[in-house]
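What follows is the content of entry_24.tsv, which has TSV, C-alpha atoms and all ligand atoms:
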```tsv
chain	number	residue	atom	x	y	z
A	130	MET	CA	-35.45	24.60	64.61
A	131	ILE	CA	-37.08	22.93	61.55
A	132	THR	CA	-34.07	23.63	59.38
A	133	CYS	CA	-31.82	22.12	61.97
A	134	SER	CA	-33.79	18.86	62.19
A	135	LEU	CA	-33.96	18.50	58.38
A	136	PHE	CA	-30.27	18.96	58.18
A	137	THR	CA	-29.63	16.27	60.76
A	138	ASN	CA	-31.90	13.84	58.90
A	139	ALA	CA	-30.22	14.39	55.56
A	140	CYS	CA	-26.87	14.00	57.13
A	141	THR	CA	-27.78	10.66	58.74
A	142	GLN	CA	-29.13	9.29	55.46
A	143	THR	CA	-26.06	10.30	53.50
A	144	GLY	CA	-23.96	8.54	56.06
A	145	LYS	CA	-25.92	5.30	55.65
A	146	VAL	CA	-25.67	5.34	51.86
A	147	ALA	CA	-21.95	5.96	52.04
A	148	GLU	CA	-21.57	2.99	54.37
A	149	GLN	CA	-23.58	0.71	52.08
A	150	THR	CA	-21.59	1.77	49.03
A	151	LYS	CA	-18.38	1.06	50.90
A	152	LYS	CA	-19.58	-2.46	51.80
A	153	GLN	CA	-20.56	-3.23	48.20
A	154	THR	CA	-17.22	-1.99	46.90
A	155	GLN	CA	-15.33	-4.19	49.32
A	156	HIS	CA	-17.43	-7.20	48.37
A	157	SER	CA	-16.94	-6.81	44.62
A	158	LYS	CA	-13.22	-6.26	45.14
A	159	ASP	CA	-12.97	-9.62	46.92
A	160	ALA	CA	-14.74	-11.45	44.10
A	161	LYS	CA	-12.77	-9.86	41.29
A	162	ILE	CA	-9.21	-10.80	40.42
A	163	GLU	CA	-6.94	-7.84	39.99
A	164	LYS	CA	-4.99	-8.16	36.74
A	165	VAL	CA	-1.22	-8.29	36.59
A	166	VAL	CA	-0.01	-6.31	33.59
A	167	LYS	CA	3.66	-6.09	32.58
A	168	THR	CA	5.61	-5.16	29.47
A	169	ALA	CA	7.44	-7.83	27.45
A	170	LYS	CA	10.73	-6.61	28.94
A	171	GLU	CA	9.42	-6.86	32.52
A	172	TRP	CA	8.19	-10.41	31.87
A	173	GLN	CA	11.55	-11.39	30.40
A	174	GLU	CA	13.25	-10.21	33.59
A	175	ILE	CA	11.20	-12.45	35.91
A	176	LEU	CA	10.53	-15.51	33.73
A	177	SER	CA	12.91	-18.15	32.40
A	178	ALA	CA	13.25	-18.33	28.60
A	179	GLU	CA	11.02	-21.44	28.59
A	180	GLU	CA	8.36	-19.82	30.80
A	181	TYR	CA	8.37	-16.71	28.63
A	182	ARG	CA	8.05	-18.72	25.42
A	183	ILE	CA	4.99	-20.57	26.74
A	184	LEU	CA	3.22	-17.89	28.82
A	185	ARG	CA	3.84	-14.84	26.66
A	186	GLU	CA	4.29	-16.37	23.17
A	187	GLN	CA	1.68	-19.17	23.26
A	188	GLY	CA	4.41	-21.82	23.20
A	189	THR	CA	3.98	-25.53	23.97
A	190	GLU	CA	6.43	-27.85	25.68
A	191	ARG	CA	7.04	-31.22	24.06
A	192	ALA	CA	4.88	-34.02	25.50
A	193	PHE	CA	6.46	-36.04	28.32
A	194	THR	CA	9.29	-33.48	28.70
A	195	GLY	CA	7.79	-30.86	31.00
A	196	LYS	CA	7.22	-30.68	34.74
A	197	TYR	CA	4.42	-32.46	36.61
A	198	TRP	CA	2.78	-34.51	33.82
A	199	ASP	CA	3.52	-37.57	35.98
A	200	ASN	CA	3.29	-35.88	39.39
A	201	LYS	CA	0.88	-37.71	41.69
A	202	ALA	CA	1.51	-35.74	44.89
A	203	GLU	CA	-1.30	-33.86	46.61
A	204	GLY	CA	-1.17	-30.09	46.38
A	205	THR	CA	-1.89	-26.97	44.38
A	206	TYR	CA	-0.61	-25.89	40.96
A	207	SER	CA	-0.14	-22.14	40.50
A	208	CYS	CA	0.77	-19.89	37.57
A	209	SER	CA	4.56	-19.36	37.46
A	210	GLY	CA	3.97	-15.89	36.03
A	211	CYS	CA	1.85	-14.42	38.82
A	212	GLN	CA	1.45	-17.20	41.47
A	213	LEU	CA	-2.34	-17.39	41.12
A	214	PRO	CA	-3.61	-20.86	42.17
A	215	LEU	CA	-4.99	-22.60	39.06
A	216	PHE	CA	-5.57	-26.31	39.68
A	217	GLU	CA	-5.74	-28.75	42.60
A	218	SER	CA	-4.26	-32.25	42.53
A	219	ASP	CA	-7.65	-33.85	43.23
A	220	THR	CA	-8.88	-32.72	39.78
A	221	LYS	CA	-5.74	-34.01	38.01
A	222	PHE	CA	-6.15	-37.22	36.03
A	223	LYS	CA	-4.06	-39.53	33.88
A	224	SER	CA	-4.72	-38.48	30.30
A	225	GLY	CA	-1.83	-40.31	28.65
A	226	THR	CA	-0.99	-37.15	26.67
A	227	GLY	CA	2.28	-36.29	28.42
A	228	TRP	CA	0.93	-32.97	29.73
A	229	PRO	CA	-0.57	-32.31	33.17
A	230	SER	CA	-4.33	-32.70	32.72
A	231	PHE	CA	-7.13	-31.48	34.96
A	232	TYR	CA	-10.91	-31.63	34.65
A	233	GLN	CA	-11.58	-28.39	36.53
A	234	PRO	CA	-9.78	-25.20	37.67
A	235	VAL	CA	-9.73	-24.18	41.37
A	236	ASN	CA	-12.16	-21.40	40.58
A	237	GLU	CA	-13.87	-20.36	37.35
A	238	ALA	CA	-12.48	-16.83	37.64
A	239	ASN	CA	-8.89	-18.08	37.90
A	240	VAL	CA	-8.71	-19.17	34.27
A	241	ALA	CA	-9.96	-17.51	31.10
A	242	THR	CA	-10.67	-19.14	27.75
A	243	LYS	CA	-10.38	-17.84	24.22
A	244	ALA	CA	-10.97	-19.32	20.73
A	245	ASP	CA	-7.71	-20.35	19.09
A	246	ASN	CA	-7.79	-21.11	15.36
A	247	SER	CA	-4.02	-21.21	14.82
A	248	HIS	CA	-2.23	-24.13	13.14
A	249	GLY	CA	-5.40	-24.96	11.18
A	250	TRP	CA	-7.15	-26.28	14.30
A	251	SER	CA	-10.18	-25.02	16.09
A	252	ARG	CA	-9.20	-25.15	19.76
A	253	VAL	CA	-9.97	-23.28	22.98
A	254	GLU	CA	-6.98	-21.62	24.59
A	255	VAL	CA	-6.71	-21.50	28.41
A	256	LEU	CA	-5.20	-18.38	29.94
A	257	CYS	CA	-4.33	-17.33	33.48
A	258	GLY	CA	-7.14	-15.20	34.93
A	259	ARG	CA	-4.68	-12.76	36.49
A	260	CYS	CA	-1.73	-12.27	34.10
A	261	ASP	CA	-3.36	-13.48	30.85
A	262	GLY	CA	-0.46	-15.89	30.37
A	263	HIS	CA	-1.00	-18.81	27.98
A	264	LEU	CA	-1.45	-22.05	29.94
A	265	GLY	CA	-2.60	-24.59	27.35
A	266	HIS	CA	-5.91	-25.69	25.82
A	267	VAL	CA	-9.19	-27.15	27.04
A	268	PHE	CA	-10.91	-30.04	25.23
A	269	GLU	CA	-14.31	-31.66	25.68
A	270	ASP	CA	-13.10	-35.22	26.07
A	271	GLY	CA	-12.31	-35.17	29.79
A	272	PRO	CA	-13.67	-37.33	32.59
A	273	LYS	CA	-16.71	-36.75	34.79
A	274	PRO	CA	-18.03	-34.61	36.40
A	275	THR	CA	-17.15	-31.80	33.95
A	276	GLY	CA	-16.25	-33.74	30.81
A	277	LEU	CA	-13.45	-31.23	30.29
A	278	ARG	CA	-9.74	-31.83	29.82
A	279	TYR	CA	-7.53	-28.88	30.68
A	280	CYS	CA	-4.30	-29.76	28.90
A	281	ILE	CA	-1.70	-27.55	30.58
A	282	ASN	CA	2.01	-26.92	30.06
A	283	GLY	CA	3.79	-28.15	33.19
A	284	ASN	CA	6.76	-25.82	32.72
A	285	ILE	CA	4.67	-22.76	33.56
A	286	LEU	CA	3.15	-24.28	36.70
A	287	THR	CA	4.55	-24.09	40.23
A	288	PHE	CA	3.53	-26.98	42.44
A	289	GLN	CA	3.05	-26.55	46.18
A	290	ALA	CA	2.67	-29.87	48.01
A	291	LYS	CA	0.02	-30.14	50.72
A	292	GLU	CA	1.49	-30.08	54.21
B	1	ZN	ZN	-0.71	-15.86	35.92
```
Would you encode the structure as structure tokens?
Ligand SMILES: [Zn+2]
Amino acid sequence: MITCSLFTNACTQTGKVAEQTKKQTQHSKDAKIEKVVKTAKEWQEILSAEEYRILREQGTERAFTGKYWDNKAEGTYSCSGCQLPLFESDTKFKSGTGWPSFYQPVNEANVATKADNSHGWSRVEVLCGRCDGHLGHVFEDGPKPTGLRYCINGNILTFQAKE
């Protein structure tokens, strides 16, 4: 009789812990962005030559030649490599640089930053938080409230207008 009751108790507790663990796992999965990883060949198959050059080879489009630098429509800009939303039109501002410029990403986790000391400059590279594609650079001369200027290549963005 005693053995039986102990067994029941232990069983109930194990069940509770398992349920809690399951809840926590689901929560952390929601908060974390699952990475998109592809080989160079796989990227070449889905990206245009221009998108590949920028996203996968840290390329830069010439100022005033890319997409969206002058786009004033309301909507969302996503990564052309993996479709992750990156910037909203209400954080886009006129920088005069010839590249789409934003003062804030949609979510901190959606972009990553990395020190870039190429070309004899000390800059901060901006990468897509999901596919690690090169997006552009971030500078500290942007407008309020962040004071940041995300200088992004328009040719690797996909714009979805607000309905
Ligand atoms: Zn991406």
(request) Please write out the residues within 9 Å of ligand ZN 1 (chain B) as a ChimeraX atom specification, counting only C-alpha atoms and all ligand atoms. (result) /A:164-165,184,207-215,239-240,256-264
(message) Need to verify the contact set: segment 186-197 of chain A, 10 Å, all atoms listed in the file, exclusion of same-chain residues closer than 5 positions in sequence. Can you return it as a PyMOL selection string?
(response) chain A and resi 179-181+202+206+225-230+254+256+262-265+281-288
(message) Need to verify the contact set: Thr275 of chain A, 8 Å, all atoms listed in the file, exclusion of same-chain residues closer than 4 positions in sequence. Can you return it as a ChimeraX atom specification?
(response) /A:232-233,271
Only C-alpha atoms, please: the residues just picked out, written as a compact mmCIF listing (two decimals), in the coordinates of the input.
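And here is the file that came out, out-v2.txt:
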```txt
# COMPACT_ATOMS: atom_id res chain seq x y z
CA TYR A 232 -10.91 -31.63 34.65
CA GLN A 233 -11.58 -28.39 36.53
CA GLY A 271 -12.31 -35.17 29.79
```
(message) I'd like to know which of A:Asn246, A:Ser251, A:Ser224, A:Ser177 is closest to Cys280 of chain A, using all atoms listed in the file.
(response) A:Ser224
(request) Using atom CA of Glu203 of chain A and atom CA of Thr220 of chain A as the two end points, give the distance in Å to one decimal. (result)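 Distance between the two atoms: 10.3 Å.
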(message) Just to confirm, what's the straight-line distance from atom CA of Val235 of chain A to atom CA of Asp219 of chain A in Å (one decimal)?
(response)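 Spanning atom CA of Val235 of chain A to atom CA of Asp219 of chain A is a straight-line distance of 10.1 Å.
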(request) Figure out the distance between atom CA of His266 of chain A and atom CA of Val253 of chain A, please, to one decimal in Å. (result) 5.5 Å
(request) Find, counting all atoms listed in the file, the residue in A:Glu292, A:Glu237, A:Asp199, A:Asp270 that gets nearest to Lys161 of chain A. (result)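 Going through A:Glu292, A:Glu237, A:Asp199, A:Asp270 one by one, the smallest distance to Lys161 of chain A is for A:Glu237.
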(request) Could you check which of A:Arg185, A:Asn236, A:Phe231, A:Lys170 is closest to Glu269 of chain A, using only C-alpha atoms? (result)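 Using only C-alpha atoms, the shortest distance to Glu269 of chain A belongs to A:Phe231.
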